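Visitor: Sharing structure_0.tsv here; it has TSV, C-alpha atoms and all ligand atoms.
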chain	number	residue	atom	x	y	z
F	4	MET	CA	6.46	-12.36	-19.16
F	5	ARG	CA	9.82	-11.68	-20.75
F	6	ALA	CA	11.19	-9.95	-17.70
F	7	LEU	CA	10.05	-12.75	-15.41
F	8	TRP	CA	11.67	-15.27	-17.69
F	9	TRP	CA	15.07	-13.62	-17.54
F	10	LEU	CA	14.79	-13.19	-13.81
F	11	ALA	CA	14.08	-16.89	-13.42
F	12	ALA	CA	17.08	-17.69	-15.56
F	13	ALA	CA	19.32	-15.39	-13.58
F	14	ALA	CA	18.06	-16.74	-10.29
F	15	CYS	CA	19.14	-20.27	-11.12
F	16	GLY	CA	22.76	-19.12	-10.87
F	17	CYS	CA	23.88	-21.16	-13.84
F	18	SER	CA	25.78	-19.73	-16.73
F	19	PRO	CA	24.84	-20.79	-20.24
F	20	ALA	CA	27.79	-22.54	-21.81
F	21	ALA	CA	28.42	-24.00	-25.23
F	22	SER	CA	28.54	-27.51	-23.80
F	23	VAL	CA	25.59	-27.11	-21.51
F	24	GLU	CA	23.59	-29.87	-23.22
F	25	THR	CA	26.40	-32.26	-22.38
F	26	GLU	CA	26.48	-30.95	-18.84
F	27	VAL	CA	22.77	-31.59	-18.52
F	28	ALA	CA	23.11	-35.11	-19.78
F	29	ASP	CA	26.01	-35.71	-17.41
F	30	ALA	CA	24.12	-34.20	-14.48
F	31	VAL	CA	21.19	-36.51	-15.04
F	32	ALA	CA	23.27	-39.57	-15.92
F	33	ASP	CA	25.37	-39.18	-12.79
F	34	VAL	CA	22.44	-40.02	-10.56
F	35	GLY	CA	21.01	-43.49	-10.31
F	36	VAL	CA	17.69	-44.11	-11.99
F	37	SER	CA	16.10	-45.42	-8.83
F	38	GLU	CA	17.73	-42.91	-6.53
F	39	ILE	CA	17.39	-39.69	-8.46
F	40	ALA	CA	17.06	-36.95	-5.88
F	41	SER	CA	15.13	-33.74	-6.13
F	42	THR	CA	18.31	-31.68	-5.86
F	43	ASP	CA	19.72	-33.42	-8.89
F	44	VAL	CA	16.57	-32.75	-10.83
F	45	VAL	CA	16.77	-29.13	-9.78
F	46	ALA	CA	20.29	-28.92	-11.15
F	47	ALA	CA	19.29	-30.66	-14.36
F	48	ALA	CA	16.22	-28.50	-14.80
F	49	ASP	CA	18.20	-25.33	-14.18
F	50	ALA	CA	20.89	-26.41	-16.61
F	51	VAL	CA	18.31	-27.16	-19.29
F	52	ASP	CA	16.70	-23.80	-18.56
F	53	ALA	CA	20.05	-22.15	-19.14
F	54	ALA	CA	20.57	-24.08	-22.34
F	55	VAL	CA	17.16	-23.08	-23.59
F	56	VAL	CA	17.75	-19.44	-22.69
F	57	ALA	CA	21.04	-19.52	-24.56
F	58	LYS	CA	19.44	-21.00	-27.67
F	59	ASP	CA	15.97	-19.53	-27.58
F	60	PRO	CA	15.86	-16.35	-25.52
F	61	THR	CA	12.29	-15.44	-26.39
F	62	VAL	CA	10.37	-18.49	-25.22
F	63	ALA	CA	11.54	-21.70	-23.66
F	64	GLU	CA	10.68	-24.84	-21.79
F	65	GLN	CA	11.04	-23.50	-18.32
F	66	LEU	CA	11.19	-26.53	-16.11
F	67	GLN	CA	10.11	-26.83	-12.53
F	68	ALA	CA	11.69	-29.44	-10.29
F	69	ILE	CA	9.08	-31.59	-8.54
F	70	PRO	CA	10.36	-33.45	-5.48
F	71	ALA	CA	9.92	-37.17	-4.96
F	72	GLY	CA	7.07	-38.08	-2.67
F	73	THR	CA	3.92	-40.02	-1.87
F	74	PHE	CA	0.36	-38.74	-2.24
F	75	SER	CA	-3.18	-40.02	-2.20
F	76	MET	CA	-4.33	-39.96	-5.82
F	77	GLY	CA	-7.96	-39.40	-6.75
F	78	ASP	CA	-11.06	-37.44	-5.81
F	79	HIS	CA	-10.85	-36.09	-2.27
F	80	SER	CA	-13.76	-33.64	-2.62
F	81	GLY	CA	-16.62	-35.93	-3.63
F	82	GLN	CA	-17.03	-34.26	-7.00
F	83	GLY	CA	-15.53	-37.01	-9.10
F	84	SER	CA	-18.92	-38.33	-10.16
F	85	GLU	CA	-20.09	-35.05	-11.64
F	86	ASP	CA	-19.48	-36.00	-15.25
F	87	PRO	CA	-22.01	-38.71	-16.17
F	88	LYS	CA	-19.90	-39.86	-19.10
F	89	HIS	CA	-17.26	-41.33	-16.81
F	90	PRO	CA	-18.59	-41.05	-13.27
F	91	SER	CA	-16.43	-43.23	-11.03
F	92	ASP	CA	-13.01	-43.04	-12.62
F	93	GLU	CA	-11.39	-40.96	-9.85
F	94	LEU	CA	-11.81	-43.64	-7.17
F	95	PRO	CA	-10.66	-45.44	-5.18
F	96	LEU	CA	-8.20	-43.12	-3.52
F	97	HIS	CA	-4.86	-44.87	-3.55
F	98	ASP	CA	-1.35	-43.98	-2.40
F	99	VAL	CA	1.17	-43.37	-5.15
F	100	THR	CA	4.90	-42.85	-4.65
F	101	LEU	CA	6.82	-41.02	-7.34
F	102	ALA	CA	10.48	-40.42	-8.05
F	103	ALA	CA	11.51	-36.82	-8.61
F	104	PHE	CA	11.10	-35.22	-12.00
F	105	ALA	CA	10.86	-31.80	-13.60
F	106	LEU	CA	7.79	-30.51	-15.41
F	107	GLY	CA	7.26	-27.63	-17.80
F	108	ARG	CA	5.98	-24.57	-15.97
F	109	PHE	CA	3.85	-23.74	-18.99
F	110	GLU	CA	1.88	-25.52	-21.66
F	111	VAL	CA	3.92	-25.88	-24.86
F	112	THR	CA	3.32	-22.82	-27.01
F	113	ASN	CA	2.68	-22.28	-30.72
F	114	ASP	CA	6.11	-20.68	-31.03
F	115	ARG	CA	7.82	-23.69	-29.53
F	116	PHE	CA	5.90	-26.21	-31.57
F	117	ALA	CA	6.55	-24.23	-34.76
F	118	ALA	CA	10.26	-24.19	-33.89
F	119	PHE	CA	10.10	-27.99	-33.58
F	120	LEU	CA	8.36	-28.32	-36.94
F	121	ASN	CA	10.85	-26.03	-38.67
F	122	ASP	CA	13.80	-27.87	-37.16
F	123	VAL	CA	12.64	-31.40	-37.94
F	124	GLY	CA	11.29	-30.19	-41.27
F	125	ASN	CA	14.72	-29.00	-42.27
F	126	SER	CA	16.14	-32.43	-41.57
F	127	GLY	CA	13.42	-34.34	-43.38
F	128	GLY	CA	11.75	-35.63	-40.24
F	129	ILE	CA	8.23	-34.71	-41.25
F	130	ASP	CA	5.96	-34.80	-44.27
F	131	ILE	CA	3.28	-32.22	-45.02
F	132	ALA	CA	0.10	-33.32	-46.72
F	133	GLY	CA	-2.71	-30.85	-47.09
F	134	SER	CA	-3.08	-29.03	-43.78
F	135	ALA	CA	-1.46	-31.72	-41.68
F	136	VAL	CA	2.00	-32.78	-40.54
F	137	TYR	CA	3.04	-36.43	-40.39
F	138	GLY	CA	6.16	-38.10	-39.09
F	139	HIS	CA	8.39	-39.13	-41.98
F	140	THR	CA	9.49	-42.47	-40.57
F	141	ASP	CA	6.54	-43.37	-38.34
F	142	GLY	CA	3.83	-42.01	-40.63
F	143	ALA	CA	1.84	-40.77	-37.66
F	144	LEU	CA	-0.31	-37.63	-37.77
F	145	TYR	CA	1.51	-35.11	-35.55
F	146	ALA	CA	-0.59	-31.97	-35.89
F	147	GLY	CA	-3.05	-30.07	-37.97
F	148	LEU	CA	-2.14	-26.75	-39.55
F	149	ALA	CA	-4.02	-23.53	-40.23
F	150	GLY	CA	-6.71	-24.22	-42.76
F	151	ASP	CA	-7.71	-27.68	-41.58
F	152	GLY	CA	-10.82	-26.31	-39.88
F	153	LEU	CA	-9.58	-27.12	-36.38
F	154	TYR	CA	-8.16	-23.68	-35.61
F	155	SER	CA	-4.45	-24.34	-35.55
F	156	ARG	CA	-2.58	-21.03	-35.56
F	157	ILE	CA	0.53	-22.56	-37.14
F	158	ALA	CA	0.75	-22.09	-40.91
F	159	TRP	CA	2.95	-23.61	-43.63
F	160	ASN	CA	3.82	-21.43	-46.61
F	161	GLY	CA	5.62	-24.08	-48.59
F	162	ALA	CA	9.00	-23.21	-47.11
F	163	ALA	CA	8.57	-22.66	-43.38
F	164	PHE	CA	6.15	-22.83	-40.49
F	165	SER	CA	5.03	-19.60	-38.84
F	166	VAL	CA	2.63	-18.58	-36.11
F	167	GLU	CA	-0.13	-16.06	-36.51
F	168	THR	CA	0.66	-12.67	-34.99
F	169	ALA	CA	-0.11	-12.42	-31.26
F	170	ARG	CA	-0.59	-16.19	-30.98
F	171	GLY	CA	3.01	-17.23	-30.42
F	172	ASN	CA	2.77	-17.42	-26.65
F	173	HIS	CA	-0.59	-19.21	-26.66
F	174	PRO	CA	-0.61	-22.96	-26.08
F	175	VAL	CA	-0.42	-25.05	-29.22
F	176	VAL	CA	-3.65	-26.89	-30.08
F	177	ASP	CA	-4.74	-29.27	-32.82
F	178	ILE	CA	-1.79	-31.52	-32.05
F	179	ARG	CA	-2.04	-35.27	-31.57
F	180	TRP	CA	-0.57	-37.49	-28.89
F	181	GLU	CA	1.98	-38.83	-31.39
F	182	GLY	CA	3.02	-35.28	-32.23
F	183	ALA	CA	3.54	-34.54	-28.56
F	184	LEU	CA	5.77	-37.61	-28.28
F	185	ALA	CA	7.76	-36.52	-31.32
F	186	TYR	CA	8.18	-33.06	-29.78
F	187	CYS	CA	9.49	-34.63	-26.56
F	188	ASN	CA	11.93	-36.77	-28.55
F	189	TRP	CA	13.11	-33.64	-30.36
F	190	LEU	CA	13.77	-31.92	-27.03
F	191	SER	CA	15.64	-34.96	-25.74
F	192	VAL	CA	17.99	-34.97	-28.72
F	193	ARG	CA	18.32	-31.19	-28.60
F	194	TYR	CA	19.52	-31.28	-25.02
F	195	GLY	CA	21.79	-34.30	-25.16
F	196	PHE	CA	19.54	-37.20	-24.21
F	197	GLN	CA	18.48	-40.28	-26.10
F	198	PRO	CA	14.88	-40.05	-27.34
F	199	LEU	CA	12.66	-41.94	-24.89
F	200	CYS	CA	9.62	-42.61	-27.04
F	201	ASP	CA	8.91	-44.89	-29.99
F	202	VAL	CA	6.19	-42.90	-31.71
F	203	LYS	CA	4.97	-45.79	-33.85
F	204	SER	CA	4.47	-48.24	-30.99
F	205	GLY	CA	3.51	-45.51	-28.53
F	206	VAL	CA	5.91	-46.81	-25.90
F	207	CYS	CA	8.16	-44.49	-23.90
F	208	ASP	CA	10.96	-45.55	-21.58
F	209	LEU	CA	9.57	-44.13	-18.34
F	210	THR	CA	12.75	-44.79	-16.37
F	211	GLY	CA	15.14	-43.27	-18.89
F	212	HIS	CA	16.53	-39.76	-18.74
F	213	GLY	CA	15.10	-37.24	-21.12
F	214	PHE	CA	11.85	-35.58	-22.13
F	215	ARG	CA	8.45	-37.25	-22.43
F	216	LEU	CA	4.84	-36.68	-21.45
F	217	PRO	CA	4.01	-37.00	-17.76
F	218	THR	CA	2.03	-40.01	-16.60
F	219	GLU	CA	-1.40	-39.35	-15.11
F	220	ALA	CA	0.07	-39.88	-11.64
F	221	GLU	CA	2.98	-37.52	-12.27
F	222	TRP	CA	0.59	-34.93	-13.67
F	223	GLU	CA	-1.84	-35.05	-10.74
F	224	TYR	CA	0.95	-35.07	-8.15
F	225	ALA	CA	2.54	-32.02	-9.76
F	226	ALA	CA	-0.83	-30.33	-10.30
F	227	ARG	CA	-1.61	-30.50	-6.59
F	228	GLY	CA	1.47	-28.40	-5.91
F	229	GLY	CA	2.19	-30.08	-2.60
F	230	GLN	CA	-1.25	-29.43	-1.11
F	231	THR	CA	-2.02	-32.62	0.80
F	232	ALA	CA	-3.03	-31.44	4.27
F	233	PRO	CA	-5.79	-31.01	3.39
F	234	TYR	CA	-6.13	-32.06	-0.21
F	235	ARG	CA	-7.56	-29.31	-2.40
F	236	ILE	CA	-9.86	-29.21	-5.39
F	237	PHE	CA	-7.82	-26.96	-7.69
F	238	PRO	CA	-4.13	-26.21	-8.19
F	239	TRP	CA	-4.54	-23.00	-6.17
F	240	GLY	CA	-6.85	-24.31	-3.45
F	241	ASP	CA	-10.64	-24.62	-3.14
F	242	ASP	CA	-11.73	-21.27	-4.66
F	243	VAL	CA	-14.21	-22.12	-7.45
F	244	ASN	CA	-13.04	-19.34	-9.77
F	245	ALA	CA	-16.48	-17.72	-9.81
F	246	ASP	CA	-15.15	-14.47	-11.30
F	247	GLY	CA	-13.02	-16.31	-13.84
F	248	THR	CA	-9.80	-14.53	-12.92
F	249	LEU	CA	-7.94	-17.67	-11.77
F	250	ALA	CA	-8.12	-19.77	-14.92
F	251	ASN	CA	-9.31	-19.76	-18.50
F	252	TRP	CA	-12.47	-21.85	-18.40
F	253	GLN	CA	-15.54	-21.72	-20.59
F	254	ASP	CA	-17.29	-18.34	-20.26
F	255	SER	CA	-14.73	-17.13	-17.74
F	256	LEU	CA	-14.98	-13.61	-19.22
F	257	ASP	CA	-11.31	-13.23	-20.09
F	258	PRO	CA	-10.46	-10.72	-22.83
F	259	PHE	CA	-9.64	-13.46	-25.31
F	260	GLU	CA	-13.27	-14.63	-25.45
F	261	ALA	CA	-13.88	-12.73	-28.64
F	262	GLY	CA	-12.60	-12.87	-32.16
F	263	ALA	CA	-10.94	-15.85	-33.74
F	264	LEU	CA	-10.93	-19.29	-32.16
F	265	PRO	CA	-9.43	-20.88	-30.21
F	266	TRP	CA	-10.11	-18.73	-27.17
F	267	THR	CA	-6.92	-19.69	-25.42
F	268	THR	CA	-5.00	-17.28	-23.20
F	269	PRO	CA	-1.24	-16.71	-23.38
F	270	VAL	CA	0.56	-19.20	-21.15
F	271	GLY	CA	1.17	-17.83	-17.69
F	272	PHE	CA	-1.58	-15.21	-18.00
F	273	TYR	CA	-3.11	-15.92	-14.56
F	274	ASP	CA	-0.18	-14.78	-12.44
F	275	GLY	CA	-1.76	-12.05	-10.32
F	276	SER	CA	-0.87	-9.28	-12.74
F	277	THR	CA	-3.18	-6.68	-14.18
F	278	HIS	CA	-2.56	-7.06	-17.89
F	279	ALA	CA	-3.00	-4.38	-20.57
F	280	LYS	CA	-4.56	-4.77	-24.00
F	281	ALA	CA	-1.62	-2.83	-25.40
F	282	ASP	CA	0.73	-5.64	-24.32
F	283	PHE	CA	-1.32	-8.60	-25.53
F	284	ALA	CA	-3.36	-7.37	-28.51
F	285	TRP	CA	-6.37	-9.29	-27.18
F	286	PRO	CA	-9.59	-9.09	-29.13
F	287	GLY	CA	-11.82	-8.11	-26.20
F	288	ASP	CA	-12.80	-4.51	-25.47
F	289	GLN	CA	-11.22	-4.41	-22.01
F	290	GLN	CA	-8.23	-2.08	-21.79
F	291	THR	CA	-6.96	-3.92	-18.73
F	292	TYR	CA	-7.70	-7.26	-17.11
F	293	ALA	CA	-6.80	-8.12	-13.52
F	294	THR	CA	-5.90	-11.75	-12.94
F	295	ARG	CA	-5.47	-13.51	-9.65
F	296	ASN	CA	-2.38	-15.57	-8.99
F	297	ALA	CA	-3.19	-19.17	-9.91
F	298	VAL	CA	0.39	-20.44	-9.99
F	299	ASN	CA	0.44	-23.61	-7.92
F	300	GLY	CA	2.72	-24.50	-5.05
F	301	TYR	CA	5.32	-25.95	-7.38
F	302	GLY	CA	5.34	-22.93	-9.69
F	303	LEU	CA	3.22	-24.42	-12.47
F	304	HIS	CA	0.97	-22.17	-14.59
F	305	ASP	CA	-2.37	-22.91	-16.26
F	306	VAL	CA	-2.62	-26.34	-14.67
F	307	SER	CA	-6.38	-25.83	-14.60
F	308	GLY	CA	-7.94	-24.61	-17.80
F	309	ASN	CA	-6.62	-23.06	-20.99
F	310	VAL	CA	-5.91	-26.31	-22.84
F	311	TRP	CA	-6.32	-29.96	-21.92
F	312	GLU	CA	-2.93	-31.54	-21.34
F	313	LEU	CA	-2.23	-34.91	-22.92
F	314	VAL	CA	-0.56	-37.42	-20.62
F	315	TYR	CA	1.28	-40.64	-21.41
F	316	ASP	CA	-1.32	-43.06	-20.08
F	317	TRP	CA	-4.00	-44.94	-21.88
F	318	TYR	CA	-7.36	-44.11	-20.35
F	319	ALA	CA	-9.09	-46.83	-18.35
F	320	ALA	CA	-11.85	-45.84	-15.95
F	321	ASP	CA	-11.03	-48.62	-13.48
F	322	TYR	CA	-7.27	-48.15	-13.40
F	323	TYR	CA	-7.25	-46.82	-9.83
F	324	LYS	CA	-8.45	-50.21	-8.60
F	325	ASN	CA	-5.20	-51.85	-9.63
F	326	SER	CA	-2.67	-49.05	-10.12
F	327	ALA	CA	0.91	-49.77	-9.20
F	328	ALA	CA	1.97	-48.04	-6.00
F	329	HIS	CA	5.31	-46.77	-7.33
F	330	ASP	CA	5.61	-44.68	-10.49
F	331	PRO	CA	2.49	-46.20	-12.09
F	332	PRO	CA	2.85	-46.32	-15.89
F	333	GLY	CA	-0.87	-46.38	-16.59
F	334	PRO	CA	-2.83	-49.33	-17.94
F	335	MET	CA	-1.19	-51.65	-20.45
F	336	ALA	CA	-4.05	-51.03	-22.84
F	337	GLY	CA	-6.80	-48.48	-23.15
F	338	GLN	CA	-10.39	-49.21	-22.27
F	339	PRO	CA	-12.46	-49.35	-25.44
F	340	MET	CA	-14.62	-46.26	-25.67
F	341	PRO	CA	-18.11	-46.26	-27.24
F	342	ASP	CA	-16.59	-46.37	-30.73
F	343	GLY	CA	-14.67	-49.52	-29.80
F	344	LYS	CA	-11.26	-47.82	-29.79
F	345	PRO	CA	-8.88	-47.06	-26.90
F	346	TYR	CA	-7.87	-43.47	-26.16
F	347	ARG	CA	-5.14	-41.69	-24.27
F	348	ALA	CA	-5.94	-39.66	-21.16
F	349	MET	CA	-5.77	-35.91	-20.72
F	350	ARG	CA	-5.88	-33.64	-17.69
F	351	GLY	CA	-6.67	-30.17	-16.40
F	352	GLY	CA	-9.70	-28.96	-18.33
F	353	ASN	CA	-9.90	-26.25	-20.91
F	354	TRP	CA	-11.22	-22.94	-22.23
F	355	TYR	CA	-13.96	-24.45	-24.37
F	356	ASN	CA	-16.31	-26.61	-22.35
F	357	GLY	CA	-17.25	-28.05	-19.00
F	358	LYS	CA	-18.61	-24.86	-17.46
F	359	GLU	CA	-20.85	-26.94	-15.20
F	360	TYR	CA	-17.84	-29.03	-14.14
F	361	PHE	CA	-15.42	-26.23	-13.23
F	362	GLY	CA	-14.08	-26.32	-16.76
F	363	HIS	CA	-13.16	-29.97	-16.09
F	364	GLY	CA	-10.33	-28.25	-14.21
F	365	ARG	CA	-10.24	-30.04	-10.85
F	366	VAL	CA	-6.82	-31.56	-10.22
F	367	ALA	CA	-8.37	-35.02	-9.80
F	368	ASN	CA	-10.49	-34.83	-12.94
F	369	ARG	CA	-9.81	-37.56	-15.50
F	370	ASN	CA	-10.92	-37.55	-19.10
F	371	PRO	CA	-10.31	-39.74	-22.13
F	372	THR	CA	-9.44	-37.95	-25.34
F	373	TYR	CA	-12.41	-39.75	-26.89
F	374	PHE	CA	-14.85	-37.06	-25.81
F	375	ARG	CA	-12.69	-34.05	-26.66
F	376	GLY	CA	-10.67	-35.50	-29.48
F	377	PRO	CA	-12.13	-37.06	-32.60
F	378	LEU	CA	-15.54	-37.55	-31.06
F	379	ASP	CA	-16.01	-33.96	-30.02
F	380	PRO	CA	-19.28	-32.93	-31.65
F	381	ASN	CA	-17.98	-29.54	-32.71
F	382	HIS	CA	-14.28	-28.99	-33.21
F	383	PRO	CA	-12.03	-31.80	-32.02
F	384	TRP	CA	-8.54	-31.07	-30.76
F	385	TYR	CA	-8.75	-27.26	-30.71
F	386	HIS	CA	-8.63	-27.31	-26.92
F	387	VAL	CA	-6.00	-30.04	-26.47
F	388	GLY	CA	-2.29	-29.39	-25.86
F	389	PHE	CA	0.44	-30.67	-23.54
F	390	ARG	CA	3.36	-29.87	-21.27
F	391	VAL	CA	6.64	-31.74	-21.11
F	392	LEU	CA	8.36	-33.72	-18.37
F	393	LEU	CA	12.09	-34.15	-17.86
F	394	LYS	CA	13.37	-37.01	-15.78
J	1	CA	CA	-12.37	-18.31	-21.03
J	2	CA	CA	-3.93	-26.51	-18.83
Please, can you express the file's structure as structure tokens?

Guide:
Amino acid sequence: MRALWWLAAAACGCSPAASVETEVADAVADVGVSEIASTDVVAAADAVDAAVVAKDPTVAEQLQAIPAGTFSMGDHSGQGSEDPKHPSDELPLHDVTLAAFALGRFEVTNDRFAAFLNDVGNSGGIDIAGSAVYGHTDGALYAGLAGDGLYSRIAWNGAAFSVETARGNHPVVDIRWEGALAYCNWLSVRYGFQPLCDVKSGVCDLTGHGFRLPTEAEWEYAARGGQTAPYRIFPWGDDVNADGTLANWQDSLDPFEAGALPWTTPVGFYDGSTHAKADFAWPGDQQTYATRNAVNGYGLHDVSGNVWELVYDWYAADYYKNSAAHDPPGPMAGQPMPDGKPYRAMRGGNWYNGKEYFGHGRVANRNPTYFRGPLDPNHPWYHVGFRVLLK
């Protein structure tokens, strides 16, 4: 992982400079909002990559430029009715046109989220109460911590946040949508942008330049990795991952399905490598584990499985009937779920459940956080994370 990271940084041809955050902001600001071109996003993403490498050489928000384009959003395989809890939410198919953006190649990790908490904690941006972190000014619950019963691997010792050994490169879980927004705002400020999201109101400026969560449309478009002729079921194609070596789904037999929960895999695990226990300290008995390469056509890892990925949108089952055709922002309000409350959407499936539904990991699959968040019958939120978007 480390070697690949440095190679990727070197390949971008950009040299980390002290003023690189300013350069990034300038690079993005120089292009018109409505006319932002994929090449400009590439330059911005590479520059941010370089800035991240310069500041945080161990782990970083590697960003992948996603070109502008049009695709047919929804269920192309006829499997969108498989989950009886929300059977028809992937139809009708509808064309969506998106401006270019950049998306994190990986789910946000425990190390990165702990770095965020330590940084904003040092500046008084958060409050800690029990085993939970709240925003200081917005009062929102951002994340749970170790000891809250929801299997966070980030701990607070009264002075600093730390991550349990061998869990740093696993995706963060037990976070909330508001915490993801706050993280994106932190990245925006860190790299020279204005924060895009008002955590309290839950509104993000979707046309502004900076970091935020992807919309459902941006997520699905990126998840497909350019596969539109024909459309495919999964980020890698139509292979149903019967041997479990393409993605971390429920009972996929990876070497992390033992020991302490959550049974996440390190981000980027399914890259075609044969991994060694000695390198990962996994709890399973296997000395080696051969993965297949599940990186999608745009270079995104773990799009299917590992952790659910929160998106910006409210969840509404009928949204596809009246979605905007260009850069749809999602419904104005969430559809009330059985408890009467609206919920945000999430994508990509997870390690914990949905075995009968391909881990909920089809690229078209939609899911409200209702079922896997607070209303999960067992352990809410321990399978929910996110990845960031830069636009
Ligand atoms: Ca698994
Ligand atoms: Ca995922």

Visitor: Show me as a list in words the residues that reach within 6 Å of (-3.9, -34.1, -23.6), counting only C-alpha atoms and using the file's own coordinates.

Guide: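 With a cut-off of 6 Å, the residues come to Trp311, Glu312, Leu313, Val314, Met349, Val387, Gly388 and Phe389 of chain F.
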
Visitor: Give me, as JSON, numbers by chain, the set of residues whose atoms come within 6 Å of any atom of ligand CA 1 (chain J), counting all atoms listed in the file.

Guide: {"F": [251, 252, 253, 254, 255, 256, 257, 260, 354]}

Visitor: Pull C-alpha atoms from the residues just selected and write them as a short mmCIF file (atom, residue, chain, number, x, y, z; two decimals), in the frame of the given file.

Guide:
data_model
loop_
_atom_site.label_atom_id
_atom_site.label_comp_id
_atom_site.auth_asym_id
_atom_site.auth_seq_id
_atom_site.Cartn_x
_atom_site.Cartn_y
_atom_site.Cartn_z
CA ASN F 251 -9.31 -19.76 -18.50
CA TRP F 252 -12.47 -21.85 -18.40
CA GLN F 253 -15.54 -21.72 -20.59
CA ASP F 254 -17.29 -18.34 -20.26
CA SER F 255 -14.73 -17.13 -17.74
CA LEU F 256 -14.98 -13.61 -19.22
CA ASP F 257 -11.31 -13.23 -20.09
CA GLU F 260 -13.27 -14.63 -25.45
CA TRP F 354 -11.22 -22.94 -22.23
#

Visitor: Between segment 318-344 of chain F and segment 210-214 of chain F, at 12 Å or less, what are the per-residue closest atom pairs and their distances in Å? Count all atoms listed in the file, order by chain and rising residue number, and return it as a tab-separated table.

Guide:
residue	atom	partner	partner_atom	distance
F:His329	CA	F:Thr210	CA	11.9
F:Asp330	CA	F:Thr210	CA	9.3
F:Pro331	CA	F:Thr210	CA	11.2
F:Pro332	CA	F:Thr210	CA	10.0

Visitor: Grab the residues selected above and save them as a compact mmCIF listing (two decimals), in the coordinates of the input with C-alpha atoms.

Guide:
# COMPACT_ATOMS: atom_id res chain seq x y z
CA HIS F 329 5.31 -46.77 -7.33
CA ASP F 330 5.61 -44.68 -10.49
CA PRO F 331 2.49 -46.20 -12.09
CA PRO F 332 2.85 -46.32 -15.89

Visitor: Return as a compact mmCIF listing (two decimals) with C-alpha atoms, keeping the file's coordinate frame the residues of protein, DNA or RNA that approach ligand CA 2 (chain J) to within 6 Å, with all atoms listed in the file taken into account.

Guide:
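New file pocket_9.txt:
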# COMPACT_ATOMS: atom_id res chain seq x y z
CA ASP F 305 -2.37 -22.91 -16.26
CA VAL F 306 -2.62 -26.34 -14.67
CA SER F 307 -6.38 -25.83 -14.60
CA GLY F 308 -7.94 -24.61 -17.80
CA ASN F 309 -6.62 -23.06 -20.99
CA VAL F 310 -5.91 -26.31 -22.84
CA TRP F 311 -6.32 -29.96 -21.92
CA GLU F 312 -2.93 -31.54 -21.34
CA GLY F 351 -6.67 -30.17 -16.40

Visitor: Under the rule that all atoms listed in the file are counted, which of F:Arg179, F:Ala225, F:Ala263, F:Tyr145 is the nearest residue to Glu167 of chain F?

Guide: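 Answer, going by the shortest atom-to-atom distance: F:Ala263.
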
Visitor: Between F:Asn188, F:Asn244, F:Thr100, F:Ser80, which is the closest to Leu393 of chain F once you count all atoms listed in the file?

Guide: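 Answer, going by the shortest atom-to-atom distance: F:Asn188.
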
Visitor: Just checking: using only C-alpha atoms, which residue out of F:Asn160, F:Thr168, F:Asn353, F:Ser326 ends up closest to Asp98 of chain F?

Guide: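 Closest candidate: F:Ser326.
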
Visitor: If we count all atoms listed in the file and set the cut-off at 10 Å, which residues sit around Tyr346 of chain F, ignoring sequence neighbours fewer than 5 positions away in its own chain? Please answer as number ranges by chain.

Guide: F: 180, 316-319, 336-340, 370-374, 376

Visitor: Would you pick out the contacts of segment 284-287 of chain F at 7 Å or less, using all atoms listed in the file, so that residues sharing its chain but fewer than 3 positions from it are not included, and give the list as a VMD selection string?

Guide: chain F and resid 169 258 to 262 280 to 281

Visitor: So the first atom is atom CA of Thr291 of chain F and the second is atom CA of Asn172 of chain F; what is the distance between them in Å, to one decimal place?

Guide: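 Separation between atom CA of Thr291 of chain F and atom CA of Asn172 of chain F: 18.4 Å.
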
Visitor: Please compute the atom CA of Tyr224 of chain F-atom CA of Met76 of chain F distance, one decimal, in Å.

Guide: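 Here the two named atoms are 7.6 Å from each other.
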